[in-house]
>>> print(open('my_file-v3.cif').read())   # mmCIF, C-alpha atoms and all ligand atoms
data_target
#
loop_
_atom_site.label_atom_id
_atom_site.label_comp_id
_atom_site.auth_asym_id
_atom_site.auth_seq_id
_atom_site.Cartn_x
_atom_site.Cartn_y
_atom_site.Cartn_z
CA MET U 589 14.88 33.30 7.73
CA ALA U 590 12.42 30.79 9.21
CA THR U 591 10.57 28.71 6.62
CA THR U 592 6.91 27.80 7.10
CA GLN U 593 6.46 24.26 8.34
CA LYS U 594 4.65 22.11 5.77
CA THR U 595 1.53 20.22 6.86
CA ALA U 596 0.42 16.74 5.86
CA LEU U 597 -2.60 14.58 6.60
CA VAL U 598 -2.11 10.81 6.52
CA LEU U 599 -5.37 8.88 6.14
CA GLY U 600 -4.94 5.26 7.19
CA GLY U 601 -2.03 6.40 9.36
CA GLY U 602 -2.48 3.45 11.69
CA GLY U 603 -1.73 1.02 8.87
CA PHE U 604 1.53 -0.38 7.58
CA ILE U 605 2.39 2.11 4.82
CA GLY U 606 0.67 5.10 6.46
CA ASN U 607 2.62 4.63 9.68
CA ALA U 608 5.90 4.48 7.74
CA MET U 609 4.94 7.60 5.77
CA ILE U 610 4.26 9.49 9.01
CA SER U 611 7.78 8.67 10.24
CA ARG U 612 9.25 9.81 6.95
CA LEU U 613 7.29 13.09 6.93
CA LYS U 614 8.30 13.79 10.53
CA SER U 615 11.95 13.25 9.57
CA GLU U 616 11.37 15.93 6.91
CA ASN U 617 9.95 18.28 9.56
CA TYR U 618 6.31 18.23 8.46
CA TRP U 619 3.48 18.86 10.92
CA VAL U 620 1.51 15.62 10.57
CA LYS U 621 -2.04 14.68 11.45
CA ALA U 622 -3.27 11.13 10.98
CA VAL U 623 -6.66 9.43 10.99
CA ASP U 624 -7.42 5.74 11.28
CA LEU U 625 -9.87 3.31 12.87
CA LYS U 626 -6.99 2.11 15.03
CA ASN U 627 -3.56 3.01 16.34
CA PRO U 628 -0.51 1.45 14.66
CA GLU U 629 -0.28 -2.13 15.85
CA PHE U 630 3.45 -2.54 16.34
CA SER U 631 4.87 0.91 17.17
CA GLN U 632 3.97 4.31 18.59
CA THR U 633 2.83 6.82 15.99
CA GLU U 634 5.10 9.79 15.40
CA ALA U 635 2.19 11.95 14.19
CA ASP U 636 1.67 15.31 15.93
CA GLU U 637 -2.02 14.48 16.17
CA PHE U 638 -3.59 11.05 15.76
CA VAL U 639 -7.38 10.89 15.43
CA ILE U 640 -9.28 7.64 15.85
CA GLY U 641 -12.13 7.95 13.39
CA ASP U 642 -14.08 6.26 10.60
CA LEU U 643 -13.53 7.91 7.22
CA ARG U 644 -16.79 6.43 5.92
CA ASN U 645 -18.45 9.18 7.97
CA VAL U 646 -18.56 12.56 6.22
CA ALA U 647 -18.32 14.49 9.50
CA THR U 648 -15.11 12.64 10.41
CA VAL U 649 -13.62 13.55 7.04
CA GLU U 650 -14.70 17.19 7.41
CA ASN U 651 -12.86 17.41 10.74
CA ALA U 652 -9.90 15.46 9.40
CA LEU U 653 -9.24 17.80 6.50
CA LEU U 654 -8.68 20.88 8.67
CA VAL U 655 -5.20 21.61 10.01
CA THR U 656 -5.47 21.60 13.80
CA LYS U 657 -1.93 22.76 14.54
CA ALA U 658 -1.77 25.36 17.34
CA GLY U 659 -2.23 28.86 15.94
CA THR U 660 -4.13 27.81 12.81
CA THR U 661 -7.78 28.25 11.97
CA ASN U 662 -9.61 27.12 8.87
CA GLU U 663 -6.50 26.01 7.09
CA ALA U 664 -6.19 23.30 4.43
CA PHE U 665 -3.26 20.87 4.36
CA ASP U 666 -0.34 21.18 1.95
CA GLU U 667 -0.46 17.43 1.30
CA ILE U 668 -2.83 14.53 1.92
CA TYR U 669 -1.77 10.87 1.69
CA GLN U 670 -4.79 8.59 1.28
CA PHE U 671 -3.89 5.06 2.39
CA ALA U 672 -7.14 4.09 4.16
CA ALA U 673 -8.77 1.04 2.59
CA ASP U 674 -10.11 -2.37 3.40
CA MET U 675 -6.96 -4.36 2.75
CA GLY U 676 -5.87 -7.90 2.92
CA GLY U 677 -3.76 -10.62 1.54
CA ALA U 678 -5.12 -13.30 -0.81
CA GLY U 679 -6.95 -14.97 2.09
CA PHE U 680 -9.12 -11.86 2.54
CA VAL U 681 -9.40 -10.50 -1.00
CA PHE U 682 -9.75 -13.60 -3.19
CA THR U 683 -12.32 -15.72 -1.35
CA GLY U 684 -15.21 -13.52 -2.53
CA GLU U 685 -16.63 -13.39 1.00
CA HIS U 686 -15.66 -9.75 1.57
CA ASP U 687 -16.41 -8.28 -1.88
CA ALA U 688 -19.26 -6.00 -0.83
CA GLU U 689 -17.51 -4.59 2.22
CA ILE U 690 -14.23 -4.04 0.32
CA MET U 691 -15.99 -2.15 -2.48
CA HIS U 692 -18.36 -0.23 -0.22
CA ASN U 693 -15.86 0.78 2.45
CA SER U 694 -12.96 1.79 0.25
CA ALA U 695 -15.05 3.58 -2.39
CA THR U 696 -16.97 5.46 0.32
CA ILE U 697 -13.72 6.70 1.89
CA ASN U 698 -12.40 7.96 -1.45
CA LEU U 699 -15.71 9.59 -2.45
CA ASN U 700 -15.89 11.33 0.94
CA VAL U 701 -12.31 12.55 0.94
CA LEU U 702 -12.43 14.08 -2.53
CA GLU U 703 -15.84 15.68 -2.17
CA VAL U 704 -15.02 17.15 1.25
CA LEU U 705 -11.73 18.49 -0.13
CA ARG U 706 -13.57 20.07 -3.06
CA GLN U 707 -16.08 21.72 -0.71
CA LEU U 708 -13.34 22.91 1.63
CA ASN U 709 -11.38 24.44 -1.24
CA GLU U 710 -14.53 26.23 -2.39
CA LYS U 711 -15.29 27.48 1.12
CA LEU U 712 -11.74 28.70 1.81
CA GLY U 713 -11.19 29.97 -1.74
CA VAL U 714 -7.95 27.98 -2.03
CA ASN U 715 -6.67 25.00 -3.99
CA LYS U 716 -3.35 24.26 -2.37
CA THR U 717 -3.75 20.67 -1.21
CA LYS U 718 -2.05 17.98 -3.26
CA ILE U 719 -3.48 14.52 -2.64
CA PHE U 720 -1.75 11.17 -3.06
CA TYR U 721 -3.78 8.04 -3.73
CA SER U 722 -2.42 4.54 -3.16
CA GLY U 723 -3.77 2.47 -6.03
CA SER U 724 -2.77 -1.11 -6.63
CA ALA U 725 -1.36 -3.45 -9.26
CA CYS U 726 -4.47 -5.52 -8.54
CA MET U 727 -6.28 -3.32 -11.09
CA TYR U 728 -4.32 -4.80 -14.03
CA PRO U 729 -6.23 -7.17 -16.33
CA GLU U 730 -6.14 -10.83 -15.40
CA HIS U 731 -5.66 -11.88 -19.05
CA ASN U 732 -2.22 -10.20 -19.11
CA GLN U 733 -1.07 -12.10 -16.03
CA LEU U 734 -1.72 -15.72 -16.99
CA ASP U 735 1.86 -16.55 -18.02
CA PRO U 736 3.98 -16.62 -14.85
CA ASP U 737 7.16 -15.91 -16.84
CA ASN U 738 5.84 -12.92 -18.79
CA PRO U 739 3.18 -10.93 -16.93
CA ASN U 740 2.41 -7.56 -18.48
CA CYS U 741 1.84 -4.73 -16.01
CA VAL U 742 2.87 -1.72 -18.05
CA GLU U 743 0.68 1.24 -17.08
CA SER U 744 -0.91 1.46 -20.55
CA SER U 745 -2.12 -2.17 -20.37
CA ALA U 746 -4.90 -1.28 -17.91
CA TYR U 747 -7.63 -1.20 -20.59
CA PRO U 748 -9.79 -2.99 -21.56
CA ALA U 749 -10.09 -3.49 -17.83
CA ASN U 750 -10.38 -6.94 -16.32
CA PRO U 751 -9.10 -7.09 -12.73
CA ASP U 752 -9.40 -10.51 -11.08
CA SER U 753 -10.90 -9.17 -7.82
CA GLU U 754 -13.42 -6.61 -6.60
CA TYR U 755 -10.54 -5.08 -4.64
CA GLY U 756 -8.86 -4.39 -8.00
CA TRP U 757 -12.06 -2.97 -9.52
CA GLU U 758 -12.47 -0.56 -6.61
CA LYS U 759 -8.84 0.55 -6.99
CA LEU U 760 -9.41 1.20 -10.69
CA PHE U 761 -12.63 3.12 -10.03
CA SER U 762 -10.96 5.21 -7.35
CA GLU U 763 -7.88 6.11 -9.37
CA ARG U 764 -10.28 7.36 -12.06
CA LEU U 765 -12.18 9.28 -9.39
CA TYR U 766 -8.98 11.09 -8.33
CA PHE U 767 -8.21 12.05 -11.92
CA SER U 768 -11.81 13.21 -12.41
CA TYR U 769 -11.57 15.59 -9.46
CA SER U 770 -8.24 16.77 -10.79
CA ARG U 771 -9.69 17.40 -14.26
CA ASN U 772 -12.91 19.09 -13.18
CA TYR U 773 -11.85 20.88 -9.98
CA LYS U 774 -8.12 21.30 -10.59
CA ILE U 775 -7.23 19.42 -7.42
CA PRO U 776 -3.57 18.37 -7.74
CA VAL U 777 -3.31 14.57 -7.47
CA ALA U 778 -0.64 11.89 -7.65
CA VAL U 779 -1.63 8.26 -8.13
CA ALA U 780 0.58 5.21 -7.68
CA ARG U 781 -0.12 1.57 -8.40
CA TYR U 782 1.70 -0.24 -5.59
CA HIS U 783 3.01 -3.77 -6.13
CA ASN U 784 3.19 -5.94 -2.97
CA ILE U 785 4.81 -3.81 -0.30
CA TYR U 786 6.45 -5.67 2.59
CA GLY U 787 8.74 -5.07 5.54
CA PRO U 788 8.98 -4.84 9.33
CA LEU U 789 5.88 -3.51 11.17
CA GLY U 790 3.58 -5.03 8.51
CA THR U 791 0.70 -7.41 9.30
CA TRP U 792 2.24 -10.87 9.73
CA ASP U 793 -0.62 -12.92 11.20
CA GLY U 794 -4.40 -13.11 11.43
CA GLY U 795 -5.47 -13.70 7.81
CA ARG U 796 -4.75 -10.34 6.16
CA GLU U 797 -0.98 -10.82 5.84
CA LYS U 798 0.72 -11.13 2.43
CA ALA U 799 3.01 -13.89 1.16
CA PRO U 800 6.42 -12.56 2.41
CA ALA U 801 5.11 -12.05 5.97
CA ALA U 802 3.21 -15.35 5.98
CA ILE U 803 6.27 -17.29 4.81
CA CYS U 804 8.54 -15.53 7.32
CA ARG U 805 6.08 -16.37 10.12
CA LYS U 806 5.75 -20.02 9.11
CA ILE U 807 9.52 -20.49 8.90
CA ALA U 808 10.14 -18.58 12.15
CA LYS U 809 7.76 -20.98 13.90
CA LEU U 810 9.70 -24.09 12.79
CA ASP U 811 12.27 -25.76 15.04
CA VAL U 812 15.83 -24.49 14.66
CA GLU U 813 16.77 -27.28 12.27
CA GLY U 814 13.64 -26.76 10.11
CA GLY U 815 10.56 -28.74 9.04
CA ALA U 816 7.58 -28.46 6.68
CA ILE U 817 5.42 -25.41 5.95
CA GLU U 818 2.18 -25.01 4.02
CA VAL U 819 2.57 -23.09 0.74
CA TRP U 820 -0.50 -21.83 -1.11
CA GLY U 821 -0.81 -23.17 -4.67
CA ASP U 822 1.98 -25.03 -6.49
CA GLY U 823 4.38 -22.21 -5.64
CA LEU U 824 5.17 -21.61 -9.29
CA GLN U 825 3.08 -18.43 -9.36
CA THR U 826 5.34 -15.38 -9.69
CA ARG U 827 5.37 -12.02 -7.89
CA SER U 828 7.67 -9.13 -7.12
CA PHE U 829 7.87 -7.47 -3.71
CA LEU U 830 8.90 -3.93 -2.83
CA TYR U 831 10.57 -3.10 0.47
CA ILE U 832 8.72 -0.48 2.53
CA LYS U 833 11.59 2.02 2.55
CA ASP U 834 11.71 1.97 -1.24
CA CYS U 835 7.93 2.44 -1.38
CA ILE U 836 8.08 5.51 0.84
CA GLU U 837 11.00 7.02 -1.08
CA ALA U 838 9.25 6.54 -4.45
CA THR U 839 6.00 7.99 -3.09
CA ARG U 840 7.74 11.08 -1.72
CA ARG U 841 9.50 11.58 -5.05
CA LEU U 842 6.20 11.28 -6.90
CA MET U 843 4.55 13.83 -4.60
CA SER U 844 7.47 16.23 -5.05
CA SER U 845 7.30 16.02 -8.84
CA SER U 846 4.83 17.44 -11.33
CA PHE U 847 4.08 13.95 -12.68
CA ALA U 848 0.59 12.77 -11.63
CA GLY U 849 0.72 9.13 -12.78
CA PRO U 850 -0.84 6.62 -12.59
CA VAL U 851 2.54 4.97 -12.20
CA ASN U 852 3.78 1.63 -10.92
CA ILE U 853 5.70 1.69 -7.66
CA GLY U 854 7.13 -1.78 -7.37
CA SER U 855 10.12 -4.01 -7.87
CA GLU U 856 11.09 -5.84 -11.07
CA GLU U 857 12.86 -8.61 -9.14
CA MET U 858 10.29 -11.29 -9.95
CA VAL U 859 10.43 -14.62 -8.10
CA THR U 860 8.23 -17.68 -7.76
CA ILE U 861 6.65 -18.25 -4.36
CA ASN U 862 8.85 -21.36 -4.07
CA GLN U 863 11.91 -19.13 -4.56
CA LEU U 864 10.58 -16.79 -1.91
CA VAL U 865 10.43 -19.77 0.48
CA GLU U 866 13.99 -20.66 -0.45
CA TYR U 867 15.25 -17.13 0.21
CA VAL U 868 13.67 -17.05 3.67
CA SER U 869 14.98 -20.54 4.52
CA VAL U 870 18.52 -19.34 3.65
CA ILE U 871 18.06 -16.24 5.85
CA ALA U 872 16.66 -18.35 8.71
CA ASN U 873 19.28 -21.05 8.16
CA LYS U 874 16.60 -23.77 8.34
CA LYS U 875 15.86 -26.73 6.07
CA VAL U 876 12.31 -26.16 4.81
CA ASN U 877 10.03 -28.64 3.04
CA ARG U 878 6.87 -27.43 1.34
CA ASN U 879 3.35 -28.87 1.61
CA HIS U 880 1.38 -27.33 -1.24
CA LYS U 881 -2.24 -26.40 -0.55
CA LEU U 882 -3.65 -26.47 -4.06
CA ASP U 883 -7.16 -25.24 -3.25
CA ALA U 884 -6.00 -22.02 -1.52
CA PRO U 885 -7.03 -18.57 -2.84
CA LEU U 886 -4.24 -17.37 -5.11
CA GLY U 887 -4.84 -14.35 -7.33
CA VAL U 888 -3.20 -14.02 -10.74
CA ARG U 889 -0.65 -16.55 -12.02
CA GLY U 890 2.12 -14.03 -12.57
CA ARG U 891 2.74 -10.40 -11.65
CA ASN U 892 5.75 -8.14 -11.91
CA SER U 893 6.18 -4.40 -11.83
CA ASP U 894 7.15 -2.61 -15.02
CA ASN U 895 9.31 0.30 -13.92
CA ARG U 896 10.10 1.95 -17.26
CA LEU U 897 7.71 4.84 -16.70
CA ILE U 898 8.84 5.69 -13.17
CA GLU U 899 12.49 5.43 -14.19
CA GLN U 900 11.84 7.78 -17.07
CA GLU U 901 9.71 10.29 -15.12
CA LEU U 902 11.35 10.23 -11.69
CA GLY U 903 14.68 8.50 -12.21
CA TRP U 904 13.70 6.11 -9.42
CA SER U 905 14.43 2.41 -9.05
CA PRO U 906 14.44 0.28 -5.88
CA ALA U 907 17.54 0.39 -3.68
CA TRP U 908 16.76 -2.78 -1.70
CA THR U 909 17.18 -6.28 -3.12
CA LEU U 910 14.57 -8.85 -2.13
CA MET U 911 17.16 -10.77 -0.11
CA ALA U 912 18.16 -7.65 1.86
CA GLY U 913 14.55 -6.60 2.54
CA LEU U 914 13.55 -10.13 3.56
CA GLY U 915 16.51 -10.23 5.94
CA GLU U 916 15.12 -7.23 7.85
CA THR U 917 11.56 -8.56 7.67
CA TYR U 918 12.43 -12.06 8.86
CA ALA U 919 14.43 -10.70 11.80
CA TRP U 920 11.46 -8.59 12.89
CA ILE U 921 8.82 -11.33 12.44
CA ASN U 922 11.08 -13.84 14.19
CA ASP U 923 11.16 -11.48 17.19
CA GLN U 924 7.36 -11.11 17.10
CA VAL U 925 6.90 -14.89 17.04
CA ARG U 926 9.37 -15.36 19.94
CA VAL U 927 7.48 -12.78 22.05
CA LEU U 928 4.32 -14.90 21.72
CA VAL U 929 6.00 -18.23 22.56
P1 LIG N 1 -3.20 -1.43 6.02
O1 LIG N 1 -4.39 -2.31 6.10
O2 LIG N 1 -2.06 -1.72 6.94
O3 LIG N 1 -3.62 0.09 6.19
C1 LIG N 1 -4.87 0.58 5.82
C2 LIG N 1 -5.40 1.35 7.03
O4 LIG N 1 -6.65 1.94 6.66
C3 LIG N 1 -5.66 0.45 8.24
O5 LIG N 1 -4.91 0.89 9.35
C4 LIG N 1 -7.15 0.59 8.48
O6 LIG N 1 -7.52 0.57 9.84
C5 LIG N 1 -7.44 1.92 7.82
N1 LIG N 1 -8.87 2.05 7.49
C6 LIG N 1 -9.64 1.13 6.84
N2 LIG N 1 -10.90 1.56 6.79
C7 LIG N 1 -10.94 2.76 7.43
C8 LIG N 1 -11.96 3.68 7.73
N3 LIG N 1 -13.23 3.45 7.36
N4 LIG N 1 -11.66 4.81 8.41
C9 LIG N 1 -10.38 5.05 8.81
N5 LIG N 1 -9.36 4.21 8.55
C10 LIG N 1 -9.63 3.07 7.88
O7 LIG N 1 -2.70 -1.47 4.50
P2 LIG N 1 -1.34 -0.94 3.85
O8 LIG N 1 -0.57 -2.14 3.44
O9 LIG N 1 -0.72 0.06 4.71
O10 LIG N 1 -1.91 -0.27 2.52
C11 LIG N 1 -2.16 1.13 2.42
C12 LIG N 1 -2.80 1.44 1.09
O11 LIG N 1 -1.98 0.99 0.03
C13 LIG N 1 -4.16 0.76 0.89
O12 LIG N 1 -5.02 1.64 0.22
C14 LIG N 1 -3.83 -0.41 0.00
O13 LIG N 1 -4.95 -0.80 -0.77
C15 LIG N 1 -2.72 0.16 -0.86
N6 LIG N 1 -1.87 -0.91 -1.39
C16 LIG N 1 -1.09 -1.63 -0.55
C17 LIG N 1 -0.30 -2.67 -1.05
C18 LIG N 1 0.56 -3.49 -0.14
O14 LIG N 1 1.22 -4.42 -0.63
N7 LIG N 1 0.61 -3.24 1.16
C19 LIG N 1 -0.31 -2.95 -2.42
C20 LIG N 1 -1.13 -2.19 -3.25
C21 LIG N 1 -1.90 -1.16 -2.73
#
>>> encode(input="my_file-v3.cif", output="structure tokens", more="lines below")
Ligand code: NAD
Amino acid sequence: MATTQKTALVLGGGGFIGNAMISRLKSENYWVKAVDLKNPEFSQTEADEFVIGDLRNVATVENALLVTKAGTTNEAFDEIYQFAADMGGAGFVFTGEHDAEIMHNSATINLNVLEVLRQLNEKLGVNKTKIFYSGSACMYPEHNQLDPDNPNCVESSAYPANPDSEYGWEKLFSERLYFSYSRNYKIPVAVARYHNIYGPLGTWDGGREKAPAAICRKIAKLDVEGGAIEVWGDGLQTRSFLYIKDCIEATRRLMSSSFAGPVNIGSEEMVTINQLVEYVSVIANKKVNRNHKLDAPLGVRGRNSDNRLIEQELGWSPAWTLMAGLGETYAWINDQVRVLV
């Protein structure tokens, strides 16, 4: 007997994680529609329909939320993945120069998406769409992340709230918004707090890239024997990084479960930024010296995922080590750099 094909809408489907989610959903035989301001930068989308549109506009969201698969009329999606946001690495988020646009743009998208979904459900007399929201570890309080050796990012440590950036405050507001719509309008939601996702096809240049991509790029650009690269801060700040394939797998598991979160999706393999440089220099087989830029924008002193809740609820833990994921990422960024030379 033929089964009905599931439908999914990926908002921010031109971005790094959204693009990877589209590929995953297609491999699971979903009919996928995506919306973004831009096409994916480094690959062709696999979405069945890709709409260029601005989700700050209500009319765009109203059109986006209807399934446009041939043979359907006035149908809501089975699943929505909401990845659209004003994103960036430390160079974009922590200078303070983009605070208003980050808060305004990302909050507007989330307010629009939920309210349009509520209205659509009311109009169609259904409530079948489950919506995923990509929150961030940036919402955790700064005062729990001052000790680089012992950062505390357990889900229950979120309050009293004290994120160190407006990006983090918006993420916290929006995760509460999703749970409010779930509570008051019974919209099924799933909320993750992502911790530093990296991998091939991610932004690696231009100011919005994160530490793993930036370090891979800088080392790829050195001569074959090596040289010096600029490292932001003293390099003793700690982080963990989750490989994109692990991120997608954990997100799919969360969406397939009855657990709503909020839950960390990250890695517990914490390293200093200096260690990260060392790993990439081993992969590249180059001798790398570090010039520390001490006045660079940095973010918190230490951050690591705490995976006890996701292990308990979903039985998930990352499959990729940092070394293995960086190997794939470096190879891809090295190719990108060579293309430009
Ligand atoms: P990304 O910047 O690659 O993707 C976000 C996409 O949203 C972009 O393609 C952008 O064009 C799109 N977008 C922005 N404003 C839009 C608008 N008004 N209308 C339509 N599209 C718009 O970022 P990503 O790394 O793929 O992150 C996806 C989500 O995950 C974001 O919400 C981000 O905050 C969250 N997150 C990511 C990380 C990470 O390490 N990558 C960590 C924590 C949380």
>>> residues_near_ligand(input="my_file-v3.cif", ligand="ligand LIG 1 (chain N)", cutoff="6 Å", atoms="all atoms listed in the file", output="PyMOL selection string")
chain U and resi 600+602-606+624-626+641-644+671-675+722-724+782-785
>>> residues_around(input="my_file-v3.cif", residues="stretch 728-738 of chain U", least_positions_apart="6", cutoff="7 Å", atoms="all atoms listed in the file", output="VMD selection string")
chain U and resid 746 749 to 752 825 to 826 888 to 891
>>> write_last_selection(input="my_file-v3.cif", atoms="C-alpha atoms", output="PDB file, keeping the file's coordinate frame")
ATOM      1  CA  ALA U 746      -4.900  -1.280 -17.910  1.00  0.00           C
ATOM      2  CA  ALA U 749     -10.090  -3.490 -17.830  1.00  0.00           C
ATOM      3  CA  ASN U 750     -10.380  -6.940 -16.320  1.00  0.00           C
ATOM      4  CA  PRO U 751      -9.100  -7.090 -12.730  1.00  0.00           C
ATOM      5  CA  ASP U 752      -9.400 -10.510 -11.080  1.00  0.00           C
ATOM      6  CA  GLN U 825       3.080 -18.430  -9.360  1.00  0.00           C
ATOM      7  CA  THR U 826       5.340 -15.380  -9.690  1.00  0.00           C
ATOM      8  CA  VAL U 888      -3.200 -14.020 -10.740  1.00  0.00           C
ATOM      9  CA  ARG U 889      -0.650 -16.550 -12.020  1.00  0.00           C
ATOM     10  CA  GLY U 890       2.120 -14.030 -12.570  1.00  0.00           C
ATOM     11  CA  ARG U 891       2.740 -10.400 -11.650  1.00  0.00           C
TER      12      ARG U 891
END
>>> residues_around(input="my_file-v3.cif", residues="U:Ile898", least_positions_apart="2", cutoff="10 Å", atoms="only C-alpha atoms", output="CSV table (one decimal) with C-alpha atoms, in the coordinates of the input")
chain,number,residue,atom,x,y,z
U,780,ALA,CA,0.6,5.2,-7.7
U,838,ALA,CA,9.2,6.5,-4.4
U,842,LEU,CA,6.2,11.3,-6.9
U,847,PHE,CA,4.1,14.0,-12.7
U,849,GLY,CA,0.7,9.1,-12.8
U,850,PRO,CA,-0.8,6.6,-12.6
U,851,VAL,CA,2.5,5.0,-12.2
U,852,ASN,CA,3.8,1.6,-10.9
U,853,ILE,CA,5.7,1.7,-7.7
U,854,GLY,CA,7.1,-1.8,-7.4
U,894,ASP,CA,7.2,-2.6,-15.0
U,895,ASN,CA,9.3,0.3,-13.9
U,896,ARG,CA,10.1,2.0,-17.3
U,900,GLN,CA,11.8,7.8,-17.1
U,901,GLU,CA,9.7,10.3,-15.1
U,902,LEU,CA,11.4,10.2,-11.7
U,903,GLY,CA,14.7,8.5,-12.2
U,904,TRP,CA,13.7,6.1,-9.4
U,905,SER,CA,14.4,2.4,-9.0
>>> closest_residue(input="my_file-v3.cif", among="U:Ile871, U:Ala608, U:Val819, U:Ala596", to="U:Ala912", atoms="all atoms listed in the file")
U:Ile871
>>> closest_atom_pairs(input="my_file-v3.cif", of="stretch 747-808 of chain U", to="stretch 698-711 of chain U", cutoff="8 Å", atoms="only C-alpha atoms", output="JSON lines")
{"residue": "U:Ser762", "atom": "CA", "partner": "U:Asn698", "partner_atom": "CA", "distance": 6.7}
{"residue": "U:Leu765", "atom": "CA", "partner": "U:Leu699", "partner_atom": "CA", "distance": 7.8}
{"residue": "U:Tyr766", "atom": "CA", "partner": "U:Leu702", "partner_atom": "CA", "distance": 7.4}
{"residue": "U:Tyr769", "atom": "CA", "partner": "U:Leu702", "partner_atom": "CA", "distance": 7.1}
{"residue": "U:Tyr773", "atom": "CA", "partner": "U:Arg706", "partner_atom": "CA", "distance": 7.2}
{"residue": "U:Ile775", "atom": "CA", "partner": "U:Arg706", "partner_atom": "CA", "distance": 7.7}
>>> atom_distance(input="my_file-v3.cif", atom1="atom CA of U:Thr661", atom2="atom CA of U:Gln632")
27.5 Å
>>> atom_distance(input="my_file-v3.cif", atom1="atom CA of U:Ile719", atom2="atom CA of U:Tyr669")
5.9 Å
>>> atom_distance(input="my_file-v3.cif", atom1="atom CA of U:Ala907", atom2="atom CA of U:Asp834")
6.5 Å
>>> residues_around(input="my_file-v3.cif", residues="stretch 789-795 of chain U", least_positions_apart="4", cutoff="8 Å", atoms="all atoms listed in the file", output="list in words")
Phe604, Glu629, Phe630, Ser631, Gly676, Gly677, Gly679, Phe680, Ala801, Ala802, Arg805, Trp920 and Ile921 of chain U
>>> closest_residue(input="my_file-v3.cif", among="U:Ile697, U:Ala725, U:Ile832, U:Val646", to="U:Asn607", atoms="all atoms listed in the file")
U:Ile832
>>> closest_residue(input="my_file-v3.cif", among="U:Gly887, U:Gly915, U:Gly601, U:Pro739", to="U:Glu856", atoms="all atoms listed in the file")
U:Pro739
>>> closest_residue(input="my_file-v3.cif", among="U:Tyr755, U:Phe638, U:Tyr721, U:Phe665", to="U:His686", atoms="all atoms listed in the file")
U:Tyr755
>>> residues_around(input="my_file-v3.cif", residues="U:Ala622", least_positions_apart="4", cutoff="7 Å", atoms="all atoms listed in the file", output="list in words")
Leu597, Val598, Leu599, Gly601, Ala635, Glu637, Phe638 and Val639 of chain U
>>> residues_around(input="my_file-v3.cif", residues="U:Tyr867", least_positions_apart="3", cutoff="12 Å", atoms="all atoms listed in the file", output="list in words")
Pro800, Ile803, Cys804, Ile807, Val859, Thr860, Ile861, Asn862, Gln863, Leu864, Val870, Ile871, Ala872, Asn873, Lys874, Lys875, Val876, Thr909, Leu910, Met911, Ala912, Gly913, Leu914, Gly915, Thr917 and Tyr918 of chain U
